[in-house]
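In what follows, a structure is listed as structure tokens, so that the remarks can point back to it.
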Amino acid sequence: MAMVAGACLPITSVKLAFGGEQEDFTFAYISDSHIQHIRGNKFVRNWDRGLIRAVAECNLMNPRPDFVIYGGDLAQLGTKPELDHGFEIMSGLNDFDVHYVMGEHDYYLDLGEYWSKHNGPQYYSFDHKGVHFVVLNSILVDDDWTHNRWKDGTERMGVMAGLDDPRGSPFMIGKKQLDWLKKDLKKVAKDTPVVVCSHSPIQKIFKNWNFWTEEAEDIQKLLKKFDKATVLYGHVHQIQYNQIDNISFHAVMATAWPWPYPQSYVQAESHLPQLTIPMNRADPFFERDATGWQYIDINSGKASVNYSLPQNKSRTVAYDPKKGHPVDTTYQEAGLILPQKHY
């Protein structure tokens, strides 16, 4: 793939290179733009400029991606002006099919009604060149929290938008969607590569920030039957990777801001949990680290990910067959406590 020296692309290009009967192909992955409306035709410039750049860089990719996936949280508060502005920017993609993933910031104002009018179903699957893709709505919560606790959708959205708000609720996909997923994957052959795209991690990383999906183990169990399974997710705004059994997990960086918030954004004392203190950032003191782009090469189901970071050294996370999980080959600090401890 052609890359521009010194560029920082806030998107992900994924190359599937499984060999055999499957064709190699690439697709672009853009996520977490958090378009935020101020008033009238004014929006928070940093966020919409990040998405504008992602779209422009996608149009210049060579080889041209087969399609684009948007990983969720196009909007910040799910309003019509925010979503319309985001969709307008995304319309700048040159003749790409776009597959959207639902994010909680897109959903909780009107429970996804306006988003669905534009994009269609909130979860679905499709096949492309021998690979089965599944797109999940992984940001649902129980009906009591959704319908009974708030005076209106604006209050509900405000609570959900505060990632560390103690009034929040853990994410799930729900029984109806889990039943659909079982039926969908039952039709897929064991040797078919499967790629799951969700917004929240299909893992249980840190519940207080909803780096969490309640049915994570149930979904992982369904994926274990496949020879090659990969989960790509947004939401966490940072570099994360993991291996659970045969399943490789890779987070997609945001076009908006890194999480936890950089020091320049801090408005209150921070109490970061030990689980995510290091975040595996190349430079935790540079606030734009963990925003950028990734090139993911999946060969025989084992992912090797190159991270291109703004004003920083590139890093590669590759599967180590001796250790049985991905290893950051560039940033290995002595005594580092890694974000994931559950290989």
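Please note that chains go A, B, ... in the order of the structure tokens, that every chain numbers its residues from 1, and that ligands are numbered from 1 in the order shown.
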
For A:His235, list every protein, DNA or RNA residue within 7 Å, evaluated using only C-alpha atoms, and leave out those in the same chain fewer than 5 positions away; present the list as a PyMOL selection string.
chain A and resi 32+199-200

Extract, using only C-alpha atoms, all DNA, RNA and protein residues at most 7 Å from A:Asp106, discarding same-chain residues fewer than 4 positions from it, and format them as a ChimeraX atom specification.
/A:73-75,77-78,102,112,115

Closest atom pairs, stretch 40-155 of chain A residues within 12 Å of stretch 159-168 of chain A, only C-alpha atoms, as CSV:
residue,atom,partner,partner_atom,distance
A:Asp73,CA,A:Ala161,CA,10.2
A:Ala75,CA,A:Ala161,CA,10.5
A:Gln76,CA,A:Ala161,CA,7.4
A:Leu77,CA,A:Ala161,CA,7.0
A:Gly78,CA,A:Ala161,CA,9.6
A:Gly103,CA,A:Ala161,CA,10.7
A:Glu104,CA,A:Met160,CA,7.3
A:His105,CA,A:Ala161,CA,6.3
A:Asp106,CA,A:Ala161,CA,9.9
A:Tyr107,CA,A:Met160,CA,9.7
A:Tyr108,CA,A:Met160,CA,7.2
A:Leu109,CA,A:Met160,CA,9.4
A:Leu111,CA,A:Met160,CA,11.8
A:Ile139,CA,A:Met160,CA,10.3
A:Leu140,CA,A:Met160,CA,11.0
A:Val141,CA,A:Gly168,CA,9.3
A:Asp142,CA,A:Gly168,CA,11.1
A:Trp145,CA,A:Gly168,CA,8.5
A:Thr146,CA,A:Met160,CA,10.2
A:Arg149,CA,A:Arg167,CA,10.0
A:Trp150,CA,A:Val159,CA,9.3
A:Lys151,CA,A:Val159,CA,11.8
A:Asp152,CA,A:Val159,CA,11.3
A:Gly153,CA,A:Val159,CA,9.9
A:Thr154,CA,A:Val159,CA,8.7
A:Glu155,CA,A:Val159,CA,6.3

Write the residues of the selection above to a file with N, CA and C atoms, as a PDB file, in the first residue's frame.
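File produced: again-v1.pdb:
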ATOM      1  N   ASP A  73     -20.044   6.539  16.835  1.00  0.00           N
ATOM      2  CA  ASP A  73     -19.856   7.860  17.439  1.00  0.00           C
ATOM      3  C   ASP A  73     -19.491   8.908  16.392  1.00  0.00           C
ATOM      4  N   ALA A  75     -21.548  11.342  15.898  1.00  0.00           N
ATOM      5  CA  ALA A  75     -22.003  12.537  16.608  1.00  0.00           C
ATOM      6  C   ALA A  75     -21.556  12.492  18.060  1.00  0.00           C
ATOM      7  N   GLN A  76     -21.637  13.643  18.733  1.00  0.00           N
ATOM      8  CA  GLN A  76     -21.337  13.707  20.159  1.00  0.00           C
ATOM      9  C   GLN A  76     -22.603  13.561  21.003  1.00  0.00           C
ATOM     10  N   LEU A  77     -23.666  14.274  20.647  1.00  0.00           N
ATOM     11  CA  LEU A  77     -24.910  14.220  21.416  1.00  0.00           C
ATOM     12  C   LEU A  77     -26.069  13.686  20.577  1.00  0.00           C
ATOM     13  N   GLY A  78     -25.790  13.128  19.415  1.00  0.00           N
ATOM     14  CA  GLY A  78     -26.795  12.447  18.616  1.00  0.00           C
ATOM     15  C   GLY A  78     -27.849  13.334  18.005  1.00  0.00           C
ATOM     16  N   GLY A 103     -22.789   3.812  17.438  1.00  0.00           N
ATOM     17  CA  GLY A 103     -22.114   4.209  18.668  1.00  0.00           C
ATOM     18  C   GLY A 103     -23.109   4.763  19.664  1.00  0.00           C
ATOM     19  N   GLU A 104     -22.750   4.752  20.937  1.00  0.00           N
ATOM     20  CA  GLU A 104     -23.706   5.225  21.958  1.00  0.00           C
ATOM     21  C   GLU A 104     -24.027   6.699  21.793  1.00  0.00           C
ATOM     22  N   HIS A 105     -23.081   7.501  21.289  1.00  0.00           N
ATOM     23  CA  HIS A 105     -23.345   8.927  21.101  1.00  0.00           C
ATOM     24  C   HIS A 105     -24.289   9.171  19.930  1.00  0.00           C
ATOM     25  N   ASP A 106     -24.410   8.210  19.043  1.00  0.00           N
ATOM     26  CA  ASP A 106     -25.360   8.302  17.931  1.00  0.00           C
ATOM     27  C   ASP A 106     -26.762   7.866  18.356  1.00  0.00           C
ATOM     28  N   TYR A 107     -26.863   7.142  19.463  1.00  0.00           N
ATOM     29  CA  TYR A 107     -28.067   6.357  19.767  1.00  0.00           C
ATOM     30  C   TYR A 107     -28.984   6.948  20.831  1.00  0.00           C
ATOM     31  N   TYR A 108     -28.435   7.431  21.941  1.00  0.00           N
ATOM     32  CA  TYR A 108     -29.254   7.582  23.139  1.00  0.00           C
ATOM     33  C   TYR A 108     -30.134   8.828  23.193  1.00  0.00           C
ATOM     34  N   LEU A 109     -30.039   9.728  22.239  1.00  0.00           N
ATOM     35  CA  LEU A 109     -30.983  10.847  22.204  1.00  0.00           C
ATOM     36  C   LEU A 109     -32.357  10.365  21.768  1.00  0.00           C
ATOM     37  N   LEU A 111     -32.792   6.942  20.553  1.00  0.00           N
ATOM     38  CA  LEU A 111     -32.657   5.485  20.438  1.00  0.00           C
ATOM     39  C   LEU A 111     -32.393   5.059  18.988  1.00  0.00           C
ATOM     40  N   ILE A 139     -23.960  -1.354  21.976  1.00  0.00           N
ATOM     41  CA  ILE A 139     -24.035  -0.285  22.992  1.00  0.00           C
ATOM     42  C   ILE A 139     -25.421  -0.190  23.644  1.00  0.00           C
ATOM     43  N   LEU A 140     -26.201  -1.278  23.562  1.00  0.00           N
ATOM     44  CA  LEU A 140     -27.510  -1.289  24.202  1.00  0.00           C
ATOM     45  C   LEU A 140     -27.365  -1.465  25.716  1.00  0.00           C
ATOM     46  N   VAL A 141     -28.397  -1.063  26.457  1.00  0.00           N
ATOM     47  CA  VAL A 141     -28.463  -1.335  27.893  1.00  0.00           C
ATOM     48  C   VAL A 141     -29.870  -1.845  28.206  1.00  0.00           C
ATOM     49  N   ASP A 142     -30.139  -2.169  29.475  1.00  0.00           N
ATOM     50  CA  ASP A 142     -31.428  -2.768  29.809  1.00  0.00           C
ATOM     51  C   ASP A 142     -32.568  -1.760  29.650  1.00  0.00           C
ATOM     52  N   TRP A 145     -33.210   1.107  32.413  1.00  0.00           N
ATOM     53  CA  TRP A 145     -32.325   2.265  32.302  1.00  0.00           C
ATOM     54  C   TRP A 145     -32.709   3.113  31.092  1.00  0.00           C
ATOM     55  N   THR A 146     -33.013   2.471  30.001  1.00  0.00           N
ATOM     56  CA  THR A 146     -33.281   3.182  28.745  1.00  0.00           C
ATOM     57  C   THR A 146     -34.573   3.999  28.813  1.00  0.00           C
ATOM     58  N   ARG A 149     -35.838   6.039  33.556  1.00  0.00           N
ATOM     59  CA  ARG A 149     -35.085   6.820  34.536  1.00  0.00           C
ATOM     60  C   ARG A 149     -34.916   8.291  34.193  1.00  0.00           C
ATOM     61  N   TRP A 150     -35.259   8.696  32.982  1.00  0.00           N
ATOM     62  CA  TRP A 150     -34.893  10.022  32.529  1.00  0.00           C
ATOM     63  C   TRP A 150     -36.123  10.787  32.058  1.00  0.00           C
ATOM     64  N   LYS A 151     -36.108  12.087  32.242  1.00  0.00           N
ATOM     65  CA  LYS A 151     -37.271  12.886  31.866  1.00  0.00           C
ATOM     66  C   LYS A 151     -37.433  12.975  30.346  1.00  0.00           C
ATOM     67  N   ASP A 152     -36.318  12.859  29.608  1.00  0.00           N
ATOM     68  CA  ASP A 152     -36.393  12.890  28.146  1.00  0.00           C
ATOM     69  C   ASP A 152     -35.095  12.344  27.564  1.00  0.00           C
ATOM     70  N   GLY A 153     -35.061  12.286  26.241  1.00  0.00           N
ATOM     71  CA  GLY A 153     -33.885  11.742  25.569  1.00  0.00           C
ATOM     72  C   GLY A 153     -32.645  12.595  25.757  1.00  0.00           C
ATOM     73  N   THR A 154     -32.819  13.909  25.912  1.00  0.00           N
ATOM     74  CA  THR A 154     -31.675  14.795  26.103  1.00  0.00           C
ATOM     75  C   THR A 154     -30.956  14.481  27.411  1.00  0.00           C
ATOM     76  N   GLU A 155     -31.730  14.258  28.480  1.00  0.00           N
ATOM     77  CA  GLU A 155     -31.102  13.907  29.753  1.00  0.00           C
ATOM     78  C   GLU A 155     -30.413  12.549  29.654  1.00  0.00           C
TER      79      GLU A 155
END

Taking only C-alpha atoms into account, name the residue in A:Ala216, A:Asn210, A:Asp245, A:His132 that is nearest to A:Lys186.
A:His132

Please extract the residues of stretch 16-153 of chain A with a backbone DSSP assignment of alpha helix (DSSP H) and present them as a ChimeraX atom specification.
/A:45-59,80-90,104-107,113-119,143-148,153

Separation of atom CA of A:Phe171 from atom CA of A:Arg45 in Å:
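Here the two named atoms are 29.4 Å from each other.
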
Find the residues near A:Thr329: any atom within 8 Å, counting only C-alpha atoms, skip ones fewer than 6 places away on the same chain, and give them as a PyMOL selection string.
chain A and resi 315-318

Would you put the residues from that selection into a file with all heavy atoms, as a PDB file, in the first residue's frame?
ATOM      1  N   ARG A 315       4.835   2.241  15.210  1.00  0.00           N
ATOM      2  CA  ARG A 315       4.956   1.059  16.046  1.00  0.00           C
ATOM      3  C   ARG A 315       4.230  -0.083  15.369  1.00  0.00           C
ATOM      4  O   ARG A 315       3.271   0.120  14.633  1.00  0.00           O
ATOM      5  CB  ARG A 315       4.342   1.307  17.421  1.00  0.00           C
ATOM      6  CG  ARG A 315       5.018   2.390  18.209  1.00  0.00           C
ATOM      7  CD  ARG A 315       4.119   2.926  19.296  1.00  0.00           C
ATOM      8  NE  ARG A 315       3.674   1.859  20.163  1.00  0.00           N
ATOM      9  CZ  ARG A 315       2.510   1.879  20.820  1.00  0.00           C
ATOM     10  NH1 ARG A 315       1.692   2.892  20.664  1.00  0.00           N
ATOM     11  NH2 ARG A 315       2.184   0.896  21.615  1.00  0.00           N
ATOM     12  N   THR A 316       4.678  -1.301  15.654  1.00  0.00           N
ATOM     13  CA  THR A 316       4.041  -2.477  15.087  1.00  0.00           C
ATOM     14  C   THR A 316       3.660  -3.439  16.195  1.00  0.00           C
ATOM     15  O   THR A 316       4.457  -3.727  17.090  1.00  0.00           O
ATOM     16  CB  THR A 316       4.987  -3.190  14.103  1.00  0.00           C
ATOM     17  OG1 THR A 316       5.272  -2.300  13.013  1.00  0.00           O
ATOM     18  CG2 THR A 316       4.338  -4.452  13.552  1.00  0.00           C
ATOM     19  N   VAL A 317       2.422  -3.914  16.135  1.00  0.00           N
ATOM     20  CA  VAL A 317       1.939  -4.959  17.034  1.00  0.00           C
ATOM     21  C   VAL A 317       1.706  -6.199  16.188  1.00  0.00           C
ATOM     22  O   VAL A 317       0.895  -6.177  15.264  1.00  0.00           O
ATOM     23  CB  VAL A 317       0.640  -4.537  17.742  1.00  0.00           C
ATOM     24  CG1 VAL A 317       0.113  -5.667  18.615  1.00  0.00           C
ATOM     25  CG2 VAL A 317       0.876  -3.290  18.591  1.00  0.00           C
ATOM     26  N   ALA A 318       2.445  -7.261  16.477  1.00  0.00           N
ATOM     27  CA  ALA A 318       2.388  -8.462  15.651  1.00  0.00           C
ATOM     28  C   ALA A 318       2.202  -9.698  16.516  1.00  0.00           C
ATOM     29  O   ALA A 318       2.650  -9.739  17.674  1.00  0.00           O
ATOM     30  CB  ALA A 318       3.658  -8.591  14.820  1.00  0.00           C
TER      31      ALA A 318
END

State, in Å with one decimal place, the distance from atom CA of A:Pro65 to atom CA of A:Tyr29.
9.8 Å

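Our summary of the geometry notes that atom CA of A:Lys129 is positioned 20.5 Å from atom CA of A:Val101.
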
If you count only C-alpha atoms, which residues fall within 6 Å of stretch 79-89 of chain A, apart from same-chain ones fewer than 4 positions away, as a CSV table (one decimal) with C-alpha atoms, in the first residue's frame?
chain,number,residue,atom,x,y,z
A,35,ILE,CA,-19.0,15.8,15.6
A,36,GLN,CA,-20.3,18.4,18.2
A,37,HIS,CA,-22.8,21.2,17.3
A,75,ALA,CA,-22.0,12.5,16.6

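Proximity to A:Ala189 was assessed for A:Trp209, A:Gln203, A:Ala28, A:Asp227 counting only C-alpha atoms; the smallest distance is recorded for A:Asp227.
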